[in-house]
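File shown: model.tsv (TSV, C-alpha atoms).
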```tsv
chain	number	residue	atom	x	y	z
M	14	MET	CA	251.08	-99.34	14.28
M	15	THR	CA	252.74	-96.23	15.69
M	16	LYS	CA	253.07	-95.38	19.38
M	17	GLU	CA	250.60	-92.55	18.82
M	18	GLN	CA	248.04	-94.90	17.28
M	19	ARG	CA	248.43	-97.29	20.21
M	20	ARG	CA	248.07	-94.38	22.65
M	21	ASP	CA	244.84	-93.30	20.91
M	22	LEU	CA	243.40	-96.82	21.17
M	23	ILE	CA	244.35	-97.08	24.84
M	24	GLU	CA	242.60	-93.76	25.46
M	25	LYS	CA	239.49	-95.13	23.74
M	26	ILE	CA	239.56	-98.08	26.13
M	27	LYS	CA	239.94	-95.76	29.10
M	28	ASN	CA	237.10	-93.52	27.89
M	29	LEU	CA	234.54	-96.20	27.10
M	30	PRO	CA	232.88	-96.21	30.54
M	31	SER	CA	231.82	-92.56	30.20
M	32	LEU	CA	230.88	-93.04	26.54
M	33	ILE	CA	228.56	-95.98	27.21
M	34	ALA	CA	227.08	-94.34	30.32
M	35	SER	CA	226.24	-91.30	28.23
M	36	ALA	CA	224.76	-93.44	25.44
M	37	VAL	CA	222.28	-95.13	27.80
M	38	LYS	CA	221.64	-92.20	30.15
M	39	ASN	CA	217.99	-91.85	31.14
M	40	LEU	CA	216.78	-94.71	28.95
M	41	ASN	CA	213.80	-96.50	30.45
M	42	ASP	CA	213.25	-100.26	30.34
M	43	ALA	CA	211.16	-100.12	27.15
M	44	GLN	CA	213.90	-98.13	25.41
M	45	LEU	CA	216.64	-100.42	26.75
M	46	ASP	CA	214.71	-103.34	25.28
M	47	THR	CA	214.28	-101.85	21.77
M	48	PRO	CA	216.54	-103.48	19.14
M	49	TYR	CA	218.79	-101.00	17.34
M	50	ARG	CA	217.90	-102.74	14.04
M	51	THR	CA	215.69	-105.61	12.94
M	52	GLY	CA	217.26	-108.74	14.35
M	53	GLY	CA	219.80	-106.68	16.29
M	54	TRP	CA	220.54	-106.45	19.96
M	55	THR	CA	218.88	-104.08	22.38
M	56	PRO	CA	220.83	-101.39	24.25
M	57	ARG	CA	220.53	-103.62	27.35
M	58	GLN	CA	222.14	-106.53	25.48
M	59	VAL	CA	224.84	-104.24	24.10
M	60	VAL	CA	225.82	-103.02	27.58
M	61	HIS	CA	226.01	-106.57	28.92
M	62	HIS	CA	227.87	-107.67	25.77
M	63	LEU	CA	230.49	-104.97	26.32
M	64	ALA	CA	231.08	-106.21	29.87
M	65	ASP	CA	231.30	-109.84	28.68
M	66	SER	CA	233.45	-109.13	25.65
M	67	HIS	CA	235.83	-106.77	27.39
M	68	MET	CA	236.34	-109.11	30.35
M	69	ASN	CA	237.36	-111.73	27.80
M	70	ALA	CA	239.60	-109.23	26.01
M	71	PHE	CA	241.36	-108.19	29.20
M	72	ILE	CA	242.08	-111.82	30.06
M	73	ARG	CA	243.18	-112.57	26.50
M	74	MET	CA	245.65	-109.70	26.64
M	75	LYS	CA	246.98	-110.78	30.04
M	76	LEU	CA	247.46	-114.31	28.75
M	77	THR	CA	249.30	-112.94	25.72
M	78	LEU	CA	251.56	-110.89	27.99
M	79	THR	CA	252.35	-113.74	30.36
M	80	GLU	CA	252.37	-116.97	28.34
M	81	ASN	CA	254.27	-118.25	25.33
M	82	LYS	CA	251.78	-118.02	22.43
M	83	PRO	CA	248.70	-118.95	24.45
M	84	SER	CA	245.65	-120.54	22.87
M	85	ILE	CA	242.75	-118.10	23.02
M	86	LYS	CA	239.27	-119.56	22.72
M	87	GLY	CA	236.49	-117.76	20.90
M	88	TYR	CA	232.95	-117.84	22.22
M	89	ASN	CA	229.45	-117.52	20.78
M	90	GLN	CA	228.67	-113.88	21.61
M	91	ASP	CA	225.20	-114.12	20.06
M	92	ALA	CA	224.30	-117.03	22.34
M	93	TRP	CA	225.65	-115.10	25.34
M	94	ALA	CA	223.48	-112.11	24.38
M	95	GLU	CA	220.41	-114.35	24.39
M	96	LEU	CA	220.96	-115.56	27.96
M	97	ALA	CA	218.52	-114.20	30.55
M	98	ASP	CA	221.14	-112.07	32.32
M	99	SER	CA	221.88	-110.23	29.06
M	100	LYS	CA	218.22	-109.75	28.21
M	101	LYS	CA	216.72	-108.93	31.60
M	102	MET	CA	219.30	-107.80	34.17
M	103	PRO	CA	219.57	-104.10	35.01
M	104	ILE	CA	222.44	-102.47	33.12
M	105	GLU	CA	223.92	-100.80	36.21
M	106	HIS	CA	225.76	-103.99	37.12
M	107	SER	CA	227.52	-104.22	33.77
M	108	LEU	CA	228.18	-100.46	33.72
M	109	GLY	CA	229.99	-100.96	37.04
M	110	ILE	CA	232.01	-103.85	35.61
M	111	ILE	CA	232.92	-101.76	32.57
M	112	LYS	CA	234.00	-98.82	34.72
M	113	ALA	CA	236.27	-100.87	36.97
M	114	LEU	CA	237.55	-103.16	34.23
M	115	HIS	CA	238.49	-100.31	31.92
M	116	ALA	CA	240.35	-98.48	34.68
M	117	ARG	CA	242.39	-101.61	35.32
M	118	TRP	CA	242.79	-102.43	31.63
M	119	GLY	CA	243.95	-98.93	30.76
M	120	TYR	CA	246.46	-99.00	33.59
M	121	MET	CA	247.83	-102.32	32.38
M	122	LEU	CA	248.07	-101.13	28.76
M	123	ASP	CA	249.90	-97.97	29.79
M	124	LEU	CA	252.67	-100.20	31.13
M	125	VAL	CA	253.10	-102.44	28.08
M	126	LYS	CA	256.61	-102.13	26.68
M	127	ASP	CA	257.15	-101.43	22.98
M	128	SER	CA	258.73	-104.87	22.59
M	129	GLU	CA	255.62	-106.60	23.99
M	130	TRP	CA	253.08	-105.40	21.42
M	131	GLU	CA	254.13	-108.12	18.98
M	132	ARG	CA	253.72	-110.95	21.50
M	133	PRO	CA	251.72	-113.69	19.76
M	134	ALA	CA	248.66	-115.70	20.68
M	135	HIS	CA	246.65	-118.22	18.70
M	136	HIS	CA	242.93	-117.44	18.53
M	137	SER	CA	240.61	-120.35	17.76
M	138	GLU	CA	238.70	-118.29	15.16
M	139	ARG	CA	241.19	-115.64	13.97
M	140	GLY	CA	244.37	-117.69	13.90
M	141	ASP	CA	247.65	-116.09	14.96
M	142	VAL	CA	247.25	-112.62	16.47
M	143	THR	CA	249.38	-110.25	18.51
M	144	LEU	CA	248.77	-108.12	21.57
M	145	GLU	CA	248.59	-105.17	19.18
M	146	THR	CA	245.86	-106.96	17.18
M	147	PHE	CA	243.77	-107.22	20.33
M	148	LEU	CA	244.35	-103.54	21.09
M	149	ASN	CA	243.17	-102.59	17.61
M	150	ILE	CA	240.06	-104.76	17.86
M	151	TYR	CA	238.96	-103.70	21.33
M	152	GLY	CA	240.08	-100.09	21.12
M	153	ASN	CA	237.40	-99.58	18.46
M	154	HIS	CA	234.87	-102.17	19.62
M	155	GLY	CA	233.17	-100.11	22.32
M	156	GLU	CA	232.75	-97.01	20.16
M	157	LYS	CA	231.02	-99.10	17.48
M	158	HIS	CA	228.47	-100.36	19.98
M	159	CYS	CA	227.95	-96.94	21.56
M	160	LYS	CA	227.17	-95.58	18.10
M	161	GLN	CA	224.50	-98.24	17.64
M	162	ILE	CA	222.78	-96.95	20.76
M	163	THR	CA	223.20	-93.25	19.98
M	164	ASP	CA	221.94	-93.84	16.42
M	165	LEU	CA	218.88	-95.60	17.86
M	166	ARG	CA	218.32	-92.69	20.26
M	167	ALA	CA	218.51	-90.20	17.39
M	168	ARG	CA	216.25	-92.25	15.11
M	169	GLU	CA	213.63	-92.67	17.86
M	170	ASN	CA	214.12	-89.07	19.03
M	171	TRP	CA	214.82	-90.16	22.62
M	172	LYS	CA	216.22	-87.35	24.74
```
Re-express the file's structure as structure tokens.
Amino acid sequence: MTKEQRRDLIEKIKNLPSLIASAVKNLNDAQLDTPYRTGGWTPRQVVHHLADSHMNAFIRMKLTLTENKPSIKGYNQDAWAELADSKKMPIEHSLGIIKALHARWGYMLDLVKDSEWERPAHHSERGDVTLETFLNIYGNHGEKHCKQITDLRARENWK
């Protein structure tokens, strides 16, 4: 991956808070609780998932930067999305987490040295990965979920 590609992914991480806030702007509870596809998550679950997933990602990247090939544990994101906090809690709390977390995460990533991007970790589900692998995954992760919400908005003609 080139420096420019890494820079673009870091910018995506920095920009996610405004992107997700825009995606859910003015949605009421009924809309927040509408699945984006049959069997899919609701916008409320997606927002809470982004907070959960990106907190894990931030910690995974810090571990990769500070430990010698740390073991990174996967988790059952579908089970997390079914917990009551993900299904019922107001989204403002997770939007706040995402805003603060992404500011901190972007700052940290801006300071990663070229030589550190290949630092390894061992993920329980993916096997051996690098810091750059995590950047590639999470740099695109938020946009994918925002698109699910904006596609739902367009399909349902929600303004």
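With atom CA of M:Lys75 on one side and atom CA of M:Ala97 on the other, the separation reads 28.7 Å.
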Give me, as a PyMOL selection string, all polymer residues having an atom no more than 12 Å from M:Asp98, counting all atoms listed in the file and skipping those fewer than 2 positions away in the same chain.
chain M and resi 57-62+64-65+92-96+100-104+106-107
Counting all atoms listed in the file, figure out which residue out of M:Val142, M:Val37, M:Leu108, M:Leu78 gets nearest to M:Lys126.
M:Leu78
Exercise: M:Ala34 partners within 12 Å, all atoms listed in the file, chain neighbours under 4 positions left out, as a CSV table (one decimal) with C-alpha atoms, in the frame of the given file:
```csv
chain,number,residue,atom,x,y,z
M,28,ASN,CA,237.1,-93.5,27.9
M,29,LEU,CA,234.5,-96.2,27.1
M,30,PRO,CA,232.9,-96.2,30.5
M,38,LYS,CA,221.6,-92.2,30.2
M,39,ASN,CA,218.0,-91.8,31.1
M,40,LEU,CA,216.8,-94.7,29.0
M,56,PRO,CA,220.8,-101.4,24.2
M,57,ARG,CA,220.5,-103.6,27.4
M,59,VAL,CA,224.8,-104.2,24.1
M,60,VAL,CA,225.8,-103.0,27.6
M,63,LEU,CA,230.5,-105.0,26.3
M,104,ILE,CA,222.4,-102.5,33.1
M,105,GLU,CA,223.9,-100.8,36.2
M,106,HIS,CA,225.8,-104.0,37.1
M,107,SER,CA,227.5,-104.2,33.8
M,108,LEU,CA,228.2,-100.5,33.7
M,109,GLY,CA,230.0,-101.0,37.0
M,110,ILE,CA,232.0,-103.8,35.6
M,111,ILE,CA,232.9,-101.8,32.6
M,112,LYS,CA,234.0,-98.8,34.7
M,155,GLY,CA,233.2,-100.1,22.3
M,156,GLU,CA,232.8,-97.0,20.2
M,159,CYS,CA,228.0,-96.9,21.6
M,162,ILE,CA,222.8,-97.0,20.8
M,163,THR,CA,223.2,-93.2,20.0
```
Between atom CA of M:Phe147 and atom CA of M:Val125, what is the distance in Å, rounded to a tenth?
13.0 Å
I'd like to know which of M:Lys27, M:Lys86, M:Thr143, M:Lys157 is closest to M:Arg117, using only C-alpha atoms.
M:Lys27
Please list as a ChimeraX atom specification every residue within 12 Å of M:Lys25, counting all atoms listed in the file and excluding residues in the same chain fewer than 3 positions away.
/M:18-22,28-33,115-116,118-119,122,148-157,159
With C-alpha atoms retained, export the selected residues as a tab-separated table (two decimals), in the coordinates of the input.
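Dumped everything to selection_35.tsv:
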```
chain	number	residue	atom	x	y	z
M	18	GLN	CA	248.04	-94.90	17.28
M	19	ARG	CA	248.43	-97.29	20.21
M	20	ARG	CA	248.07	-94.38	22.65
M	21	ASP	CA	244.84	-93.30	20.91
M	22	LEU	CA	243.40	-96.82	21.17
M	28	ASN	CA	237.10	-93.52	27.89
M	29	LEU	CA	234.54	-96.20	27.10
M	30	PRO	CA	232.88	-96.21	30.54
M	31	SER	CA	231.82	-92.56	30.20
M	32	LEU	CA	230.88	-93.04	26.54
M	33	ILE	CA	228.56	-95.98	27.21
M	115	HIS	CA	238.49	-100.31	31.92
M	116	ALA	CA	240.35	-98.48	34.68
M	118	TRP	CA	242.79	-102.43	31.63
M	119	GLY	CA	243.95	-98.93	30.76
M	122	LEU	CA	248.07	-101.13	28.76
M	148	LEU	CA	244.35	-103.54	21.09
M	149	ASN	CA	243.17	-102.59	17.61
M	150	ILE	CA	240.06	-104.76	17.86
M	151	TYR	CA	238.96	-103.70	21.33
M	152	GLY	CA	240.08	-100.09	21.12
M	153	ASN	CA	237.40	-99.58	18.46
M	154	HIS	CA	234.87	-102.17	19.62
M	155	GLY	CA	233.17	-100.11	22.32
M	156	GLU	CA	232.75	-97.01	20.16
M	157	LYS	CA	231.02	-99.10	17.48
M	159	CYS	CA	227.95	-96.94	21.56
```
